[in-house]
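*Asks:* One file: my_file32.tsv (TSV, C-alpha atoms).
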```
chain	number	residue	atom	x	y	z
A	473	MET	CA	0.00	0.00	0.00
A	474	ALA	CA	1.35	3.45	-0.92
A	475	SER	CA	0.94	6.49	1.31
A	476	SER	CA	0.54	10.04	0.12
A	477	HIS	CA	2.19	12.94	1.91
A	478	THR	CA	-1.04	13.55	3.81
A	479	GLY	CA	-0.74	10.11	5.39
A	480	ASN	CA	-3.72	8.75	3.50
A	481	VAL	CA	-3.16	5.20	2.42
A	482	MET	CA	-3.83	4.69	-1.24
A	483	ALA	CA	-4.41	1.30	-2.81
A	484	SER	CA	-1.68	0.13	-5.16
A	485	ARG	CA	-1.80	-2.91	-7.43
A	486	SER	CA	1.94	-3.51	-7.04
A	487	THR	CA	3.24	-5.73	-4.26
A	488	SER	CA	6.31	-3.58	-3.68
A	489	THR	CA	6.24	-1.16	-0.76
A	490	ARG	CA	8.18	1.45	-2.64
A	491	GLN	CA	6.66	4.94	-2.33
A	492	ASP	CA	6.17	6.84	-5.57
A	493	SER	CA	9.03	9.34	-5.92
A	494	LEU	CA	6.83	12.15	-7.17
A	495	ALA	CA	4.40	11.72	-4.27
A	496	ALA	CA	7.33	12.09	-1.89
A	497	VAL	CA	8.13	15.62	-3.14
A	498	ILE	CA	4.57	16.94	-3.44
A	499	ARG	CA	4.01	18.31	0.06
A	500	SER	CA	0.79	20.26	-0.36
A	501	LYS	CA	-1.98	21.11	-2.75
A	502	LYS	CA	-0.03	24.26	-3.61
A	503	ASP	CA	2.95	22.11	-4.63
A	504	ALA	CA	0.64	19.92	-6.70
A	505	ASP	CA	-0.99	22.89	-8.44
A	506	GLU	CA	2.40	24.43	-9.23
A	507	PHE	CA	3.69	21.12	-10.56
A	508	MET	CA	0.67	20.64	-12.82
A	509	ALA	CA	0.98	24.21	-14.14
A	510	GLU	CA	4.65	23.61	-14.95
A	511	LEU	CA	3.79	20.28	-16.54
A	512	GLU	CA	1.28	21.99	-18.84
A	513	SER	CA	3.91	24.56	-19.73
A	514	ALA	CA	6.43	21.82	-20.51
A	515	VAL	CA	3.87	20.04	-22.69
A	516	LYS	CA	3.16	23.25	-24.62
A	517	ARG	CA	6.90	23.85	-25.17
A	518	SER	CA	7.20	20.31	-26.51
A	519	ARG	CA	4.57	20.78	-29.19
B	311	MET	CA	17.97	-7.87	-19.67
B	312	SER	CA	19.17	-5.69	-22.54
B	313	LEU	CA	18.57	-2.02	-21.92
B	314	LYS	CA	18.11	-1.34	-25.63
B	315	VAL	CA	14.44	-1.57	-26.41
B	316	LYS	CA	12.96	-0.96	-29.85
B	317	ILE	CA	9.33	0.07	-29.86
B	318	ASP	CA	7.05	-1.04	-32.67
B	319	PHE	CA	3.29	-0.83	-32.23
B	320	GLU	CA	2.87	-3.16	-35.21
B	321	ASP	CA	4.58	-5.96	-33.27
B	322	THR	CA	2.82	-6.51	-29.93
B	323	TYR	CA	1.41	-9.43	-28.01
B	324	GLN	CA	-2.32	-10.01	-28.14
B	325	PRO	CA	-4.16	-9.24	-24.88
B	326	ILE	CA	-5.70	-12.14	-22.99
B	327	ASN	CA	-7.90	-9.82	-20.99
B	328	ILE	CA	-8.47	-6.12	-21.32
B	329	GLU	CA	-10.69	-3.78	-19.33
B	330	PRO	CA	-13.11	-1.66	-21.40
B	331	ASP	CA	-11.52	1.50	-19.98
B	332	PHE	CA	-8.01	0.19	-20.80
B	333	SER	CA	-6.92	0.55	-17.18
B	334	GLU	CA	-5.89	-3.11	-17.04
B	335	MET	CA	-4.83	-5.77	-19.47
B	336	SER	CA	-2.85	-8.98	-19.47
B	337	PHE	CA	-0.83	-10.84	-22.06
B	338	ILE	CA	1.52	-13.79	-22.32
B	339	SER	CA	5.23	-13.20	-22.70
B	340	PRO	CA	7.28	-16.19	-23.85
B	341	GLN	CA	10.45	-16.52	-21.81
B	342	LYS	CA	13.95	-17.49	-22.90
B	343	ASP	CA	13.70	-20.80	-21.09
B	344	GLY	CA	10.71	-21.81	-23.22
B	345	THR	CA	8.08	-21.13	-20.58
B	346	ASN	CA	5.28	-18.59	-20.83
B	347	ARG	CA	4.61	-15.92	-18.21
B	348	GLU	CA	1.43	-13.92	-17.91
B	349	LEU	CA	2.02	-10.21	-17.40
B	350	PHE	CA	-0.47	-7.74	-16.00
B	351	VAL	CA	-0.44	-4.12	-17.12
B	352	PHE	CA	-2.09	-1.62	-14.82
B	353	ILE	CA	-2.68	2.08	-15.33
B	354	ASN	CA	-3.82	3.43	-11.98
B	355	PRO	CA	-4.43	6.88	-10.52
B	356	HIS	CA	-1.33	8.38	-8.99
B	357	PRO	CA	-1.16	7.65	-5.22
B	358	ASP	CA	-1.16	11.37	-4.45
B	359	GLU	CA	-4.78	12.49	-4.61
B	360	GLU	CA	-3.60	16.05	-5.29
B	361	LEU	CA	-2.51	14.88	-8.78
B	362	PRO	CA	-5.82	13.62	-10.17
B	363	ASN	CA	-4.75	13.85	-13.82
B	364	VAL	CA	-1.57	11.82	-13.36
B	365	TYR	CA	-1.68	8.06	-13.67
B	366	ASN	CA	1.02	5.47	-13.04
B	367	LEU	CA	1.88	2.68	-15.45
B	368	GLY	CA	3.09	-0.60	-14.01
B	369	PHE	CA	3.43	-4.13	-15.22
B	370	GLY	CA	4.63	-7.52	-14.03
B	371	PRO	CA	3.59	-11.10	-13.32
B	372	PRO	CA	0.42	-11.58	-11.24
B	373	ASP	CA	0.77	-11.91	-7.48
B	374	GLY	CA	-2.28	-14.11	-7.15
B	375	TYR	CA	-4.25	-11.43	-5.32
B	376	GLY	CA	-5.33	-9.30	-8.24
B	377	GLY	CA	-2.15	-7.27	-8.24
B	378	PHE	CA	1.27	-7.78	-9.72
B	379	HIS	CA	4.94	-8.01	-8.83
B	380	ASP	CA	6.86	-5.09	-10.32
B	381	ASP	CA	10.23	-6.18	-8.94
B	382	VAL	CA	10.56	-9.63	-10.50
B	383	LYS	CA	13.40	-10.12	-12.96
B	384	LEU	CA	12.11	-11.99	-15.98
B	385	ARG	CA	13.98	-13.18	-19.07
B	386	HIS	CA	11.64	-12.34	-21.89
B	387	ALA	CA	12.26	-13.97	-25.24
B	388	ASP	CA	11.45	-10.64	-26.90
B	389	ASN	CA	11.96	-7.55	-24.76
B	390	ASN	CA	11.08	-5.26	-27.66
B	391	LYS	CA	7.69	-6.89	-28.06
B	392	VAL	CA	6.97	-6.81	-24.31
B	393	PHE	CA	7.68	-3.09	-24.01
B	394	SER	CA	5.91	-2.34	-27.28
B	395	THR	CA	2.85	-4.14	-25.90
B	396	VAL	CA	2.93	-2.22	-22.63
B	397	LEU	CA	3.46	1.14	-24.33
B	398	PHE	CA	0.80	0.41	-26.94
B	399	HIS	CA	-1.65	-0.25	-24.14
B	400	ALA	CA	-0.70	3.10	-22.64
B	401	LEU	CA	-1.42	4.68	-26.02
B	402	LEU	CA	-4.90	3.16	-26.10
B	403	PHE	CA	-5.54	4.39	-22.57
B	404	LEU	CA	-4.41	7.93	-23.38
B	405	GLN	CA	-6.47	8.00	-26.57
B	406	GLU	CA	-9.49	7.35	-24.34
B	407	ASN	CA	-8.25	9.86	-21.76
B	408	PRO	CA	-6.33	12.54	-23.70
B	409	ASN	CA	-6.27	14.96	-20.76
B	410	LEU	CA	-4.28	12.58	-18.55
B	411	THR	CA	-0.52	12.16	-18.11
B	412	ILE	CA	1.20	8.87	-17.39
B	413	GLY	CA	4.10	8.79	-14.97
B	414	LEU	CA	6.97	6.30	-14.82
B	415	ASP	CA	8.82	6.33	-11.52
B	416	GLY	CA	12.57	6.23	-12.02
B	417	SER	CA	12.88	5.10	-8.43
B	418	ASP	CA	16.06	3.10	-8.97
B	419	ASP	CA	18.85	3.47	-11.50
B	420	SER	CA	17.96	0.36	-13.50
B	421	ARG	CA	14.36	1.51	-14.01
B	422	ALA	CA	15.37	5.07	-14.78
B	423	THR	CA	18.03	3.89	-17.24
B	424	LEU	CA	15.53	1.64	-18.99
B	425	TYR	CA	12.95	4.42	-19.38
B	426	HIS	CA	15.58	6.98	-20.40
B	427	LEU	CA	17.15	4.78	-23.07
B	428	MET	CA	13.74	3.65	-24.31
B	429	PHE	CA	12.74	7.27	-24.98
B	430	LYS	CA	16.12	8.15	-26.49
B	431	ALA	CA	16.37	5.10	-28.74
B	432	ASN	CA	12.83	5.51	-30.04
B	433	LYS	CA	12.60	9.28	-30.26
B	434	GLU	CA	11.42	9.51	-33.88
B	435	TYR	CA	8.92	6.69	-33.47
B	436	ILE	CA	7.50	7.70	-30.10
B	437	ASP	CA	7.37	11.32	-31.17
B	438	ASP	CA	4.48	10.48	-33.50
B	439	PHE	CA	2.38	9.35	-30.55
B	440	PHE	CA	3.57	10.90	-27.30
B	441	ILE	CA	5.01	14.01	-25.72
B	442	ALA	CA	7.80	12.92	-23.39
B	443	ILE	CA	8.56	14.85	-20.23
B	444	GLY	CA	11.47	14.52	-17.84
B	445	VAL	CA	11.29	15.64	-14.22
B	446	ASP	CA	14.25	16.67	-12.06
B	447	TRP	CA	14.20	17.60	-8.41
B	448	TYR	CA	15.52	21.05	-7.41
B	449	VAL	CA	16.25	22.76	-4.12
B	450	ARG	CA	15.56	26.47	-3.76
B	451	ILE	CA	18.54	28.69	-2.85
B	452	PHE	CA	17.69	31.88	-0.93
B	453	ARG	CA	19.42	35.22	-1.44
B	454	ASP	CA	21.63	34.56	1.61
B	455	ASN	CA	22.82	31.34	-0.10
B	456	THR	CA	21.05	29.09	2.35
B	457	TYR	CA	18.93	26.23	1.05
B	458	GLU	CA	15.22	25.74	1.63
B	459	GLN	CA	14.79	23.22	4.42
B	460	ASP	CA	11.90	21.59	6.21
B	461	GLU	CA	11.29	21.53	9.95
B	462	HIS	CA	13.70	18.60	10.30
B	463	GLY	CA	16.52	20.34	8.49
B	464	TYR	CA	16.22	18.32	5.26
B	465	PHE	CA	16.43	20.12	1.94
B	466	ILE	CA	13.01	20.57	0.35
B	467	LYS	CA	13.05	18.95	-3.07
B	468	ARG	CA	10.72	20.44	-5.67
B	469	PRO	CA	9.86	18.61	-8.92
B	470	ARG	CA	10.46	20.55	-12.13
B	471	PRO	CA	9.15	19.04	-15.39
B	472	GLU	CA	10.67	19.91	-18.75
B	473	PRO	CA	10.37	18.69	-22.33
B	474	PHE	CA	12.46	15.50	-22.50
B	475	ASN	CA	16.02	16.47	-23.37
B	476	TYR	CA	17.23	13.78	-25.76
B	477	ASP	CA	20.82	15.02	-25.47
B	478	ARG	CA	20.97	13.81	-21.89
B	479	THR	CA	22.84	10.52	-21.63
B	480	ARG	CA	22.25	7.53	-19.39
B	481	HIS	CA	24.69	9.19	-16.98
B	482	ASP	CA	22.36	12.16	-16.61
B	483	LEU	CA	19.03	10.53	-15.82
B	484	TYR	CA	15.84	12.27	-14.85
B	485	ARG	CA	14.27	11.53	-11.53
B	486	TYR	CA	10.82	10.84	-12.97
B	487	TYR	CA	9.49	10.26	-16.48
B	488	MET	CA	6.10	11.24	-17.87
B	489	PHE	CA	4.35	11.16	-21.21
B	490	ARG	CA	1.13	12.42	-22.69
B	491	LEU	CA	-0.71	11.90	-25.93
B	492	LYS	CA	0.64	14.01	-28.77
```
Can you present the structure in this file as structure tokens?

*Replies:*
Amino acid sequence: MASSHTGNVMASRSTSTRQDSLAAVIRSKKDADEFMAELESAVKRSR
Amino acid sequence: MSLKVKIDFEDTYQPINIEPDFSEMSFISPQKDGTNRELFVFINPHPDEELPNVYNLGFGPPDGYGGFHDDVKLRHADNNKVFSTVLFHALLFLQENPNLTIGLDGSDDSRATLYHLMFKANKEYIDDFFIAIGVDWYVRIFRDNTYEQDEHGYFIKRPRPEPFNYDRTRHDLYRYYMFRLK
């Protein structure tokens, strides 16, 4: 089972207990919103 | 396992089972020892609920409980066909969900190297279907040259996505890999 930064346990289909690396560096909703905005920007630059 | 993977969506294994929403599928991969192994492919929501439009792609042999082992070393008879099958399934999923992004966790060097070389070696081919993104972690430096730290004194790592830089070698891996439908 993987845990998010909020401590909520999220179901994972993998048997490994490895935490997702990206989840480990997203500390808040603000972090998540900033990351998604930068992701959209990166996608636009790629086109 | 060879780290050089050639992707060809015209040469994939047939699914045994496939969910109507393409979130799950399974196929048989012949092994080098002559046996056959079933592989599950799962595309699941990212574990962080603050990233609702990011999904994780994982695959491996079944664990007998509806999930899969993603840390089992298998000796596939045709690595190219295995990865082409997995990536083709991701393509079908993204065609149904064009607003979503799939993430591949480069959590250890072998995984990150595999993903990195797969994108690099298949740039022209994959470029017709996907937009590849690489993500590094950065630490903020303040004007007084101190680094941003948390309450425990650890540096705060912030993810920064960028268009995949194909000039980066296997000695300059990203921390996380993502792709979206072109």

*Asks:* Do a neighbour search on Val445 in chain B at 6 Å with only C-alpha atoms, toss out local chain neighbours closer than 3 positions, and write the hits as a list in words.

*Replies:*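 Surrounding residues, per the criterion: Arg470, Pro471, Tyr484, Arg485 and Tyr486 of chain B.
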
*Asks:* Which residues of chain B are close to chain A, meaning at most 7 Å apart when you count only C-alpha atoms, and how do they look as a count of residues only?

*Replies:* 18

*Asks:* How far is it from CA of Arg421 in chain B to CA of Ile436 in chain B, in Å with one decimal?

*Replies:*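 About the pair CA of Arg421 in chain B and CA of Ile436 in chain B: they are 18.6 Å apart.
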
*Asks:* Quick one: pull the distance between CA of Pro330 in chain B and CA of Phe429 in chain B, Å, one decimal.

*Replies:*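 Result for CA of Pro330 in chain B versus CA of Phe429 in chain B: 27.6 Å, one decimal.
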